[in-house]
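Source file: upload.csv. Holds: CSV, C-alpha atoms.
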chain,number,residue,atom,x,y,z
W,24,MET,CA,5.7,-3.2,8.4
W,25,ASN,CA,5.8,-6.5,6.5
W,26,LYS,CA,6.6,-4.7,3.3
W,27,LYS,CA,9.5,-3.0,4.9
W,28,ILE,CA,10.9,-6.2,6.2
W,29,CYS,CA,10.5,-7.9,2.8
W,30,LEU,CA,12.4,-5.0,1.3
W,31,TYR,CA,15.2,-5.3,3.8
W,32,ILE,CA,15.5,-9.1,3.2
W,33,PHE,CA,15.5,-8.5,-0.6
W,34,VAL,CA,18.3,-5.9,-0.3
W,35,ALA,CA,20.3,-8.1,2.1
W,36,LEU,CA,20.1,-11.0,-0.3
W,37,ILE,CA,21.4,-8.8,-3.1
W,38,ILE,CA,24.3,-7.8,-0.9
W,39,VAL,CA,25.0,-11.4,-0.1
W,40,SER,CA,25.1,-12.3,-3.8
W,41,VAL,CA,27.4,-9.4,-4.6
W,42,VAL,CA,29.8,-10.0,-1.6
W,43,LEU,CA,30.0,-13.8,-2.2
W,44,ALA,CA,30.9,-13.2,-5.8
W,45,ALA,CA,34.6,-13.2,-6.5
W,46,PRO,CA,36.1,-9.7,-6.1
W,47,PRO,CA,37.9,-8.3,-9.2
W,48,TRP,CA,41.3,-9.2,-7.8
W,49,LYS,CA,40.3,-12.9,-7.3
W,50,LYS,CA,39.4,-13.3,-10.9
W,51,GLN,CA,42.4,-14.7,-12.8
W,52,PRO,CA,42.9,-13.5,-16.5
W,53,ALA,CA,42.5,-16.3,-19.0
W,54,THR,CA,45.8,-17.7,-20.0
W,55,ALA,CA,46.3,-18.2,-23.7
W,56,THR,CA,48.2,-21.5,-23.7
W,57,THR,CA,49.3,-23.1,-26.9
W,58,PRO,CA,50.7,-26.7,-26.8
W,59,LYS,CA,53.1,-25.9,-29.6
W,60,THR,CA,54.9,-23.2,-27.6
W,61,PRO,CA,55.7,-24.5,-24.1
W,62,PRO,CA,58.0,-21.6,-23.2
W,63,GLN,CA,55.2,-19.1,-23.6
W,64,THR,CA,52.9,-21.1,-21.3
W,65,VAL,CA,55.5,-21.1,-18.6
W,66,VAL,CA,55.9,-17.3,-18.9
W,67,VAL,CA,52.1,-16.7,-18.7
W,68,GLN,CA,51.8,-19.0,-15.7
W,69,ASN,CA,54.6,-17.1,-14.0
W,70,VAL,CA,53.0,-13.7,-14.7
W,71,THR,CA,49.7,-15.1,-13.4
W,72,ARG,CA,51.3,-16.3,-10.2
W,73,ILE,CA,52.9,-12.9,-9.7
W,74,ILE,CA,49.5,-11.1,-10.2
W,75,VAL,CA,47.8,-13.4,-7.8
W,76,GLN,CA,50.5,-12.9,-5.2
W,77,ASN,CA,50.3,-9.1,-5.7
W,78,ASN,CA,46.5,-9.2,-5.3
W,79,THR,CA,46.8,-11.4,-2.2
W,80,ALA,CA,49.3,-9.0,-0.7
W,81,ALA,CA,47.0,-6.0,-1.5
W,82,ARG,CA,44.1,-7.7,0.2
W,83,GLN,CA,46.2,-8.4,3.3
W,84,GLU,CA,47.3,-4.7,3.4
W,85,GLU,CA,43.7,-3.6,3.1
W,86,GLY,CA,42.8,-5.8,6.1
W,87,ILE,CA,39.5,-7.0,4.6
W,88,ASP,CA,38.4,-10.6,5.0
W,89,TRP,CA,35.8,-10.9,2.3
W,90,ASN,CA,34.8,-14.4,3.4
W,91,LEU,CA,34.1,-13.1,6.9
W,92,VAL,CA,32.1,-10.2,5.4
W,93,GLY,CA,30.1,-12.5,3.3
W,94,GLY,CA,29.4,-14.8,6.2
W,95,ILE,CA,28.2,-12.0,8.4
W,96,THR,CA,26.0,-10.6,5.7
W,97,ALA,CA,24.4,-14.0,5.1
W,98,ILE,CA,23.7,-14.3,8.9
W,99,ILE,CA,22.1,-10.9,8.9
W,100,ALA,CA,19.9,-11.8,5.9
W,101,LEU,CA,18.8,-15.0,7.6
W,102,ALA,CA,18.1,-13.2,10.9
W,103,ALA,CA,16.0,-10.6,9.0
W,104,GLY,CA,14.0,-13.4,7.3
W,105,ALA,CA,13.4,-15.2,10.6
W,106,PHE,CA,12.3,-12.0,12.3
W,107,GLY,CA,10.0,-11.2,9.4
W,108,TRP,CA,8.4,-14.6,9.6
W,109,TRP,CA,8.1,-14.4,13.4
W,110,PHE,CA,6.6,-10.9,13.3
W,111,SER,CA,4.1,-11.8,10.6
W,112,ARG,CA,3.0,-14.9,12.5
W,113,LYS,CA,2.6,-13.0,15.8
W,114,SER,CA,0.7,-10.2,14.0
W,115,ARG,CA,-1.7,-12.8,12.5
W,116,GLY,CA,-2.2,-14.3,15.9
W,117,MET,CA,-3.1,-11.0,17.5
W,118,THR,CA,-5.4,-10.1,14.6
W,119,ALA,CA,-7.3,-13.4,15.1
W,120,LYS,CA,-7.5,-12.8,18.8
W,121,TYR,CA,-8.9,-9.3,18.5
W,122,LEU,CA,-11.4,-10.4,15.8
W,123,ARG,CA,-12.8,-13.0,18.2
W,124,GLU,CA,-12.9,-10.5,21.0
W,125,ILE,CA,-14.8,-7.9,18.8
W,126,ASP,CA,-17.3,-10.5,17.6
W,127,ARG,CA,-17.9,-11.8,21.1
W,128,ALA,CA,-18.4,-8.3,22.6
W,129,PHE,CA,-20.9,-7.4,19.8
W,130,ASN,CA,-22.9,-10.7,20.1
W,131,GLU,CA,-23.0,-10.5,23.9
W,132,PHE,CA,-24.0,-6.9,24.3
W,133,ARG,CA,-25.9,-6.1,21.1
W,134,ASP,CA,-29.2,-5.9,23.0
W,135,ASN,CA,-27.7,-3.3,25.4
W,136,THR,CA,-26.5,-0.8,22.8
W,137,SER,CA,-24.9,1.7,25.2
W,138,LYS,CA,-22.9,-1.1,26.9
W,139,CYS,CA,-21.9,-2.6,23.6
W,140,GLU,CA,-20.6,0.7,22.3
W,141,SER,CA,-18.5,1.2,25.4
W,142,VAL,CA,-17.0,-2.3,25.2
W,143,LEU,CA,-16.2,-2.0,21.5
W,144,TYR,CA,-14.6,1.3,22.0
W,145,ASP,CA,-12.4,-0.1,24.8
W,146,ILE,CA,-11.2,-2.8,22.4
W,147,LYS,CA,-10.6,-0.1,19.8
W,148,GLU,CA,-8.3,1.8,22.2
W,149,LYS,CA,-6.4,-1.4,22.9
W,150,ILE,CA,-5.9,-2.1,19.2
W,151,GLU,CA,-4.7,1.5,18.6
W,152,GLY,CA,-2.3,1.1,21.5
W,153,ASP,CA,-0.8,-2.1,20.1
W,154,PHE,CA,-0.6,-0.5,16.7
W,155,SER,CA,1.3,2.5,18.0
W,156,LYS,CA,3.8,0.1,19.7
W,157,GLY,CA,4.4,-1.8,16.5
W,158,LYS,CA,2.8,-5.0,17.8
W,159,ILE,CA,0.4,-5.2,14.8
W,160,ASP,CA,1.0,-4.0,11.3
W,161,ASP,CA,-0.9,-1.7,8.9
W,162,SER,CA,-2.8,-4.5,7.2
W,163,ALA,CA,-4.0,-6.0,10.5
W,164,PHE,CA,-5.0,-2.6,11.9
W,165,SER,CA,-7.1,-1.9,8.8
W,166,ILE,CA,-8.9,-5.2,9.1
W,167,LEU,CA,-9.7,-4.7,12.8
W,168,ASP,CA,-10.7,-1.1,12.4
W,169,SER,CA,-13.1,-2.0,9.6
W,170,ARG,CA,-14.7,-4.7,11.7
W,171,LEU,CA,-15.1,-2.2,14.7
W,172,ASP,CA,-16.5,0.5,12.5
W,173,LYS,CA,-19.1,-2.0,11.0
W,174,TYR,CA,-20.3,-3.0,14.5
W,175,LEU,CA,-20.2,0.6,15.9
W,176,SER,CA,-22.3,1.7,13.0
W,177,GLU,CA,-25.0,-0.9,13.8
W,178,VAL,CA,-24.8,-0.1,17.6
W,179,ARG,CA,-25.1,3.6,17.1
W,180,LYS,CA,-28.0,3.3,14.7
W,181,GLY,CA,-29.6,1.1,17.3
W,182,ILE,CA,-29.0,3.7,20.0
W,183,ILE,CA,-30.7,6.4,18.0
W,184,SER,CA,-33.6,4.1,16.9
W,185,THR,CA,-34.2,3.0,20.5
W,186,HIS,CA,-33.9,6.2,22.4
W,187,PHE,CA,-35.3,8.8,20.0
W,188,LYS,CA,-38.6,8.9,18.2
W,189,LEU,CA,-37.6,10.4,14.9
W,190,SER,CA,-39.5,10.9,11.7
W,191,GLU,CA,-38.6,8.5,8.8
W,192,VAL,CA,-36.8,11.3,7.0
W,193,HIS,CA,-34.6,12.3,9.9
W,194,LYS,CA,-34.0,8.7,10.8
W,195,LYS,CA,-32.8,8.0,7.3
W,196,GLU,CA,-30.5,11.1,7.3
W,197,LEU,CA,-28.9,10.0,10.6
W,198,ASP,CA,-28.5,6.4,9.4
W,199,ASP,CA,-26.7,7.6,6.3
W,200,MET,CA,-24.4,9.7,8.5
W,201,LEU,CA,-23.6,6.7,10.6
W,202,GLY,CA,-23.0,4.4,7.7
W,203,ASP,CA,-19.3,4.0,8.5
W,204,GLY,CA,-19.8,4.2,12.3
W,205,ILE,CA,-18.5,7.7,12.9
W,206,ILE,CA,-19.6,11.3,12.2
W,207,THR,CA,-17.3,13.5,10.2
W,208,LYS,CA,-17.0,17.2,10.8
W,209,ASP,CA,-19.1,18.0,7.7
W,210,GLU,CA,-21.8,15.5,8.8
W,211,TYR,CA,-21.8,17.0,12.3
W,212,ARG,CA,-22.3,20.5,10.8
W,213,LYS,CA,-25.1,19.2,8.6
W,214,PHE,CA,-26.7,17.6,11.7
W,215,LYS,CA,-26.6,20.9,13.6
W,216,LYS,CA,-28.6,22.6,10.8
W,217,MET,CA,-31.3,19.9,10.9
W,218,LYS,CA,-34.6,21.1,12.4
W,219,ILE,CA,-35.8,18.0,14.3
W,220,SER,CA,-39.0,19.4,15.6
W,221,GLU,CA,-40.5,16.0,16.6
W,222,LEU,CA,-38.1,15.8,19.6
W,223,SER,CA,-38.3,17.7,22.8
W,224,GLY,CA,-35.7,20.1,23.8
W,225,LYS,CA,-34.2,17.6,26.2
W,226,ASP,CA,-34.0,14.9,23.6
W,227,ARG,CA,-32.5,17.2,21.0
W,228,LYS,CA,-29.8,18.1,23.4
W,229,ARG,CA,-29.1,14.4,24.2
W,230,LEU,CA,-29.0,13.5,20.5
W,231,GLN,CA,-26.6,16.4,19.8
W,232,GLU,CA,-24.3,15.3,22.6
W,233,LEU,CA,-24.2,11.8,21.1
W,234,MET,CA,-23.4,13.1,17.7
W,235,GLN,CA,-20.7,15.3,19.0
W,236,LYS,CA,-19.2,12.5,21.0
W,237,TRP,CA,-19.1,10.2,17.9
W,238,GLU,CA,-17.6,13.0,15.8
W,239,LYS,CA,-14.9,13.6,18.4
W,240,LYS,CA,-14.0,9.9,18.5
W,241,LYS,CA,-13.0,9.9,14.9
W,242,GLU,CA,-9.2,9.8,14.6

Entire entry expressed as structure tokens:
Amino acid sequence: MNKKICLYIFVALIIVSVVLAAPPWKKQPATATTPKTPPQTVVVQNVTRIIVQNNTAARQEEGIDWNLVGGITAIIALAAGAFGWWFSRKSRGMTAKYLREIDRAFNEFRDNTSKCESVLYDIKEKIEGDFSKGKIDDSAFSILDSRLDKYLSEVRKGIISTHFKLSEVHKKELDDMLGDGIITKDEYRKFKKMKISELSGKDRKRLQELMQKWEKKKE
């Protein structure tokens, strides 16, 4: 969003520069005056006066007030710049607020992994909602999403480590799958092919439900 605003401002400034420059009909041709021949100077001045009068008349007929156009364009450019500054400031403020909220939730509930995951995902949904409404830009969303994925990865690894007695081999495989906090479709298919014989049927089902839930939550 900020890149688009900057582009609009840049284009607007170019337009202002072009509009405020003298139009072709406002530019007067250079008059070759020679002190030694006063009559010729008078003739050139008379011709120039006629040309200016004709150009003025043409402008009046066209009904275009270029000074007004230039003024309006300058106002639009200033307004776009002010909006860009305001939006950037607001987005930074929301980013900082969400970062504090994410950190606080993780630190407060990290010992209760299930609760921590639930709270973090609620924050994630709020962030996605603000992003879809245009309240935060792409850069801010990327920063917040990365922070959430980092914490969700730790929380979900903790859930598996706490609730399931896995062999070191299977634990490492699942930790690798949860390295970014989510389960891709390929990783979920790989998980379904794993033969986790050390778990009871009930625990295998619970683990599969968790892996499926985390895979579905990936956007």

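For the pair atom CA of Phe164 of chain W and atom CA of Asp126 of chain W, the interatomic distance is 15.7 Å.
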
Neighbour list for Asp153 of chain W as a CSV table (one decimal) with C-alpha atoms, in the frame of the given file, cut-off 12 Å, all atoms listed in the file, skip fewer than 6 positions in-chain:
chain,number,residue,atom,x,y,z
W,114,SER,CA,0.7,-10.2,14.0
W,117,MET,CA,-3.1,-11.0,17.5
W,118,THR,CA,-5.4,-10.1,14.6
W,121,TYR,CA,-8.9,-9.3,18.5
W,146,ILE,CA,-11.2,-2.8,22.4
W,147,LYS,CA,-10.6,-0.1,19.8
W,159,ILE,CA,0.4,-5.2,14.8
W,160,ASP,CA,1.0,-4.0,11.3
W,161,ASP,CA,-0.9,-1.7,8.9
W,163,ALA,CA,-4.0,-6.0,10.5
W,164,PHE,CA,-5.0,-2.6,11.9
W,167,LEU,CA,-9.7,-4.7,12.8

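Between Ile183 of chain W and the candidates W:Ser141, W:Gln231, W:Ser165, W:Ser155, the tightest atom-to-atom separation, counting all atoms listed in the file, involves W:Gln231.
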
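Residues in contact with Asn130 of chain W at 12 Å, where only C-alpha atoms are counted and same-chain residues fewer than 6 positions away are skipped, are listed as Arg123, Glu124, Thr136, Lys138, Cys139, Glu140, Val142, Leu143, Tyr174, Glu177 and Val178 of chain W.
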
Let me see the file: selected residues, C-alpha atoms, as a PDB file, keeping the file's coordinate frame.
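After the write, result_8.pdb holds the following:
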ATOM      1  CA  ARG W 123     -12.800 -13.000  18.200  1.00  0.00           C
ATOM      2  CA  GLU W 124     -12.900 -10.500  21.000  1.00  0.00           C
ATOM      3  CA  THR W 136     -26.500  -0.800  22.800  1.00  0.00           C
ATOM      4  CA  LYS W 138     -22.900  -1.100  26.900  1.00  0.00           C
ATOM      5  CA  CYS W 139     -21.900  -2.600  23.600  1.00  0.00           C
ATOM      6  CA  GLU W 140     -20.600   0.700  22.300  1.00  0.00           C
ATOM      7  CA  VAL W 142     -17.000  -2.300  25.200  1.00  0.00           C
ATOM      8  CA  LEU W 143     -16.200  -2.000  21.500  1.00  0.00           C
ATOM      9  CA  TYR W 174     -20.300  -3.000  14.500  1.00  0.00           C
ATOM     10  CA  GLU W 177     -25.000  -0.900  13.800  1.00  0.00           C
ATOM     11  CA  VAL W 178     -24.800  -0.100  17.600  1.00  0.00           C
TER      12      VAL W 178
END

Using only C-alpha atoms, pick whichever of W:Glu210, W:Glu151, W:Glu221, W:Glu191 has the shortest atom-to-atom distance to Met234 of chain W. W:Glu210
